[in-house]
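Structure file start30.pdb (PDB, C-alpha atoms, pLDDT in the B column) follows.
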```pdb
ATOM      1  CA  MET C   1      -1.873 -11.683 -23.571  1.00 75.00           C
ATOM      2  CA  GLU C   2      -5.325 -12.504 -24.923  1.00 85.00           C
ATOM      3  CA  VAL C   3      -8.253 -10.493 -23.536  1.00 94.00           C
ATOM      4  CA  CYS C   4     -11.897 -11.377 -24.309  1.00 95.00           C
ATOM      5  CA  VAL C   5     -14.578  -9.061 -22.900  1.00 97.00           C
ATOM      6  CA  GLU C   6     -18.308  -9.561 -22.309  1.00 96.00           C
ATOM      7  CA  ILE C   7     -20.297  -6.328 -22.511  1.00 93.00           C
ATOM      8  CA  CYS C   8     -23.793  -5.598 -21.209  1.00 92.00           C
ATOM      9  CA  ALA C   9     -26.033  -2.542 -21.381  1.00 88.00           C
ATOM     10  CA  GLY C  10     -26.043  -0.542 -18.175  1.00 81.00           C
ATOM     11  CA  PRO C  11     -28.247   2.359 -17.090  1.00 82.00           C
ATOM     12  CA  GLY C  12     -29.084   4.616 -20.032  1.00 85.00           C
ATOM     13  CA  SER C  13     -27.871   1.934 -22.449  1.00 83.00           C
ATOM     14  CA  VAL C  14     -24.242   2.698 -21.575  1.00 85.00           C
ATOM     15  CA  GLU C  15     -21.955  -0.235 -22.395  1.00 90.00           C
ATOM     16  CA  MET C  16     -20.486  -1.846 -19.295  1.00 94.00           C
ATOM     17  CA  ILE C  17     -18.124  -4.759 -18.827  1.00 96.00           C
ATOM     18  CA  ARG C  18     -19.767  -7.754 -17.142  1.00 97.00           C
ATOM     19  CA  ARG C  19     -16.751 -10.074 -17.160  1.00 97.00           C
ATOM     20  CA  PHE C  20     -13.598 -10.676 -19.104  1.00 97.00           C
ATOM     21  CA  HIS C  21     -11.207 -13.510 -19.787  1.00 96.00           C
ATOM     22  CA  LEU C  22      -7.511 -12.948 -19.372  1.00 92.00           C
ATOM     23  CA  ASP C  23      -5.304 -15.751 -20.700  1.00 88.00           C
ATOM     24  CA  GLY C  24      -8.109 -18.250 -20.061  1.00 87.00           C
ATOM     25  CA  ARG C  25      -8.935 -16.987 -16.557  1.00 93.00           C
ATOM     26  CA  GLU C  26     -12.474 -15.621 -16.073  1.00 97.00           C
ATOM     27  CA  ILE C  27     -12.735 -12.384 -14.093  1.00 97.00           C
ATOM     28  CA  GLU C  28     -16.150 -11.232 -12.866  1.00 97.00           C
ATOM     29  CA  VAL C  29     -16.562  -7.463 -12.749  1.00 98.00           C
ATOM     30  CA  SER C  30     -18.208  -6.177  -9.572  1.00 97.00           C
ATOM     31  CA  ASP C  31     -18.101  -2.473 -10.454  1.00 97.00           C
ATOM     32  CA  ASN C  32     -17.627  -0.371 -13.584  1.00 96.00           C
ATOM     33  CA  LEU C  33     -15.765   2.607 -12.144  1.00 97.00           C
ATOM     34  CA  ASP C  34     -15.206   4.815 -15.188  1.00 96.00           C
ATOM     35  CA  GLN C  35     -14.912   4.925 -18.954  1.00 95.00           C
ATOM     36  CA  TRP C  36     -13.575   7.470 -21.399  1.00 96.00           C
ATOM     37  CA  HIS C  37     -12.646   7.920 -25.051  1.00 93.00           C
ATOM     38  CA  GLY C  38      -9.237   8.454 -26.561  1.00 89.00           C
ATOM     39  CA  ALA C  39      -8.136   8.729 -30.182  1.00 88.00           C
ATOM     40  CA  ASP C  40      -9.455   5.470 -31.741  1.00 90.00           C
ATOM     41  CA  TYR C  41      -9.707   3.864 -28.284  1.00 95.00           C
ATOM     42  CA  ARG C  42     -12.247   3.455 -25.492  1.00 95.00           C
ATOM     43  CA  TYR C  43     -11.013   2.878 -21.967  1.00 97.00           C
ATOM     44  CA  PHE C  44     -12.861   1.068 -19.169  1.00 97.00           C
ATOM     45  CA  LYS C  45     -11.815   1.113 -15.506  1.00 98.00           C
ATOM     46  CA  VAL C  46     -13.345  -1.819 -13.619  1.00 98.00           C
ATOM     47  CA  LYS C  47     -13.047  -3.578 -10.270  1.00 98.00           C
ATOM     48  CA  ASP C  48     -13.331  -7.333  -9.706  1.00 97.00           C
ATOM     49  CA  GLU C  49     -14.851  -9.219  -6.774  1.00 95.00           C
ATOM     50  CA  ASP C  50     -11.483  -9.157  -4.945  1.00 95.00           C
ATOM     51  CA  ASP C  51     -11.245  -5.337  -5.304  1.00 96.00           C
ATOM     52  CA  ASN C  52      -8.449  -5.528  -7.894  1.00 97.00           C
ATOM     53  CA  VAL C  53      -8.647  -2.674 -10.430  1.00 97.00           C
ATOM     54  CA  TYR C  54      -8.148  -3.056 -14.188  1.00 97.00           C
ATOM     55  CA  ILE C  55      -8.028  -0.593 -17.046  1.00 97.00           C
ATOM     56  CA  LEU C  56      -8.990  -2.222 -20.341  1.00 97.00           C
ATOM     57  CA  ARG C  57      -8.683  -0.541 -23.733  1.00 96.00           C
ATOM     58  CA  PHE C  58     -10.855  -1.285 -26.746  1.00 96.00           C
ATOM     59  CA  ASP C  59      -9.172  -0.529 -30.078  1.00 95.00           C
ATOM     60  CA  GLU C  60     -12.058   0.611 -32.275  1.00 90.00           C
ATOM     61  CA  SER C  61     -10.136   0.244 -35.556  1.00 91.00           C
ATOM     62  CA  GLU C  62      -8.861  -3.282 -34.797  1.00 90.00           C
ATOM     63  CA  GLU C  63     -11.884  -4.270 -32.679  1.00 91.00           C
ATOM     64  CA  GLY C  64      -9.611  -5.808 -30.069  1.00 94.00           C
ATOM     65  CA  TRP C  65      -9.033  -5.493 -26.329  1.00 96.00           C
ATOM     66  CA  ASP C  66      -5.856  -4.899 -24.302  1.00 96.00           C
ATOM     67  CA  LEU C  67      -5.141  -4.869 -20.584  1.00 96.00           C
ATOM     68  CA  ILE C  68      -3.459  -1.527 -19.897  1.00 95.00           C
ATOM     69  CA  ILE C  69      -3.205  -1.446 -16.096  1.00 95.00           C
ATOM     70  CA  PHE C  70      -3.707  -3.922 -13.274  1.00 95.00           C
ATOM     71  CA  GLN C  71      -3.652  -2.743  -9.663  1.00 95.00           C
ATOM     72  CA  SER C  72      -3.825  -5.367  -6.954  1.00 93.00           C
ATOM     73  CA  ALA C  73      -6.152  -4.676  -4.031  1.00 89.00           C
ATOM     74  CA  LYS C  74      -3.197  -5.405  -1.752  1.00 87.00           C
ATOM     75  CA  SER C  75      -1.177  -2.569  -3.294  1.00 81.00           C
ATOM     76  CA  GLN C  76      -4.059  -0.142  -2.746  1.00 69.00           C
ATOM     77  CA  ALA C  77      -4.147  -0.697   1.017  1.00 63.00           C
ATOM     78  CA  THR C  78      -2.416   1.958   3.065  1.00 56.00           C
ATOM     79  CA  PRO C  79      -0.916   0.938   6.376  1.00 55.00           C
ATOM     80  CA  SER C  80      -2.297   2.617   9.437  1.00 49.00           C
ATOM     81  CA  HIS C  81       0.257   4.296  11.661  1.00 47.00           C
ATOM     82  CA  ALA C  82      -0.004   4.670  15.380  1.00 45.00           C
ATOM     83  CA  HIS C  83       0.693   8.215  16.450  1.00 44.00           C
ATOM     84  CA  ALA C  84       2.211   8.994  19.820  1.00 46.00           C
ATOM     85  CA  HIS C  85       1.170  12.266  21.371  1.00 42.00           C
ATOM     86  CA  LEU C  86       3.742  13.706  23.731  1.00 44.00           C
ATOM     87  CA  ARG C  87       2.862  16.371  26.240  1.00 44.00           C
ATOM     88  CA  TYR C  88       5.546  18.690  27.496  1.00 44.00           C
ATOM     89  CA  GLY C  89       5.274  20.967  30.485  1.00 44.00           C
ATOM     90  CA  SER C  90       1.983  19.661  31.774  1.00 41.00           C
ATOM     91  CA  GLU C  91       0.269  22.016  34.177  1.00 48.00           C
ATOM     92  CA  GLU C  92      -0.482  19.072  36.463  1.00 47.00           C
ATOM     93  CA  GLY C  93       3.220  18.432  36.980  1.00 48.00           C
ATOM     94  CA  HIS C  94       3.333  14.937  35.421  1.00 46.00           C
TER      95      HIS C  94
END
```

Could you spell out this file's structure in structure tokens?
Amino acid sequence: MEVCVEICAGPGSVEMIRRFHLDGREIEVSDNLDQWHGADYRYFKVKDEDDNVYILRFDESEEGWDLIIFQSAKSQATPSHAHAHLRYGSEEGH
């Protein structure tokens, strides 16, 4: 899977991902959520305009990008549950 990333300078000159191309599909980044360093790697956690979350890894020695994790916005949604409250032994005799 080919990943091409466009970087821009964010606040304090921190590198941020503006958009990336994944197998020819352009993905606009709406939010840079986090970034951290590993041994010979830099990781970027970003969100797209549809609220999907991606973790991209930059290999500093090879100067190449990989998609590590994709989480669909649909899988992040938690269903709401209706809760029934039962009352036993009501003082009003109901």

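The interatomic distance for the pair CA of Asp48 (chain C) and CA of Gly12 (chain C) works out to 22.3 Å.
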
Might you pull out every residue within 12 Å of Gly64 (chain C), with only C-alpha atoms counted and same-chain residues fewer than 4 positions away left off, and present them as an MDAnalysis selection string?
-> chainID C and resid 1:5 40:43 56:60

Determine the residue membership of the PyMOL selection byres ((chain C and resi 54) around 10) for the file above and supply it as JSON, numbers by chain.
-> {"C": [29, 32, 33, 44, 45, 46, 47, 48, 51, 52, 53, 55, 56, 57, 67, 68, 69, 70, 71, 72]}

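When CA of Phe20 (chain C) is paired with CA of Glu6 (chain C), their separation reads 5.8 Å.
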
Skip Met16 (chain C) itself and residues of its chain fewer than 3 positions away, then list as a list in words all residues within 8 Å of it, counting all atoms listed in the file.
->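 Residues meeting the cut-off are Ile7, Cys8, Ala9, Gly10 and Asn32 of chain C.
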
Record the distance separating CA of Asp23 (chain C) and CA of Trp65 (chain C), expressed in Å with one decimal.
->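 Taking CA of Asp23 (chain C) and CA of Trp65 (chain C), their separation equals 12.3 Å.
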
Pick out the closest residue to Trp36 (chain C) from this set: C:Glu15, C:Gly24, C:Ala73, C:Asp66. Count all atoms listed in the file.
-> C:Glu15

Edge lengths and centre, in Å to one decimal, as lines of an AutoDock Vina configuration file: that's what I need for the box along x, y and z that holds all listed atoms of region 9-20 of chain C plus 8 Å on each side.
```
center_x = -21.3
center_y = -3.0
center_z = -19.8
size_x = 31.5
size_y = 31.3
size_z = 21.4
```
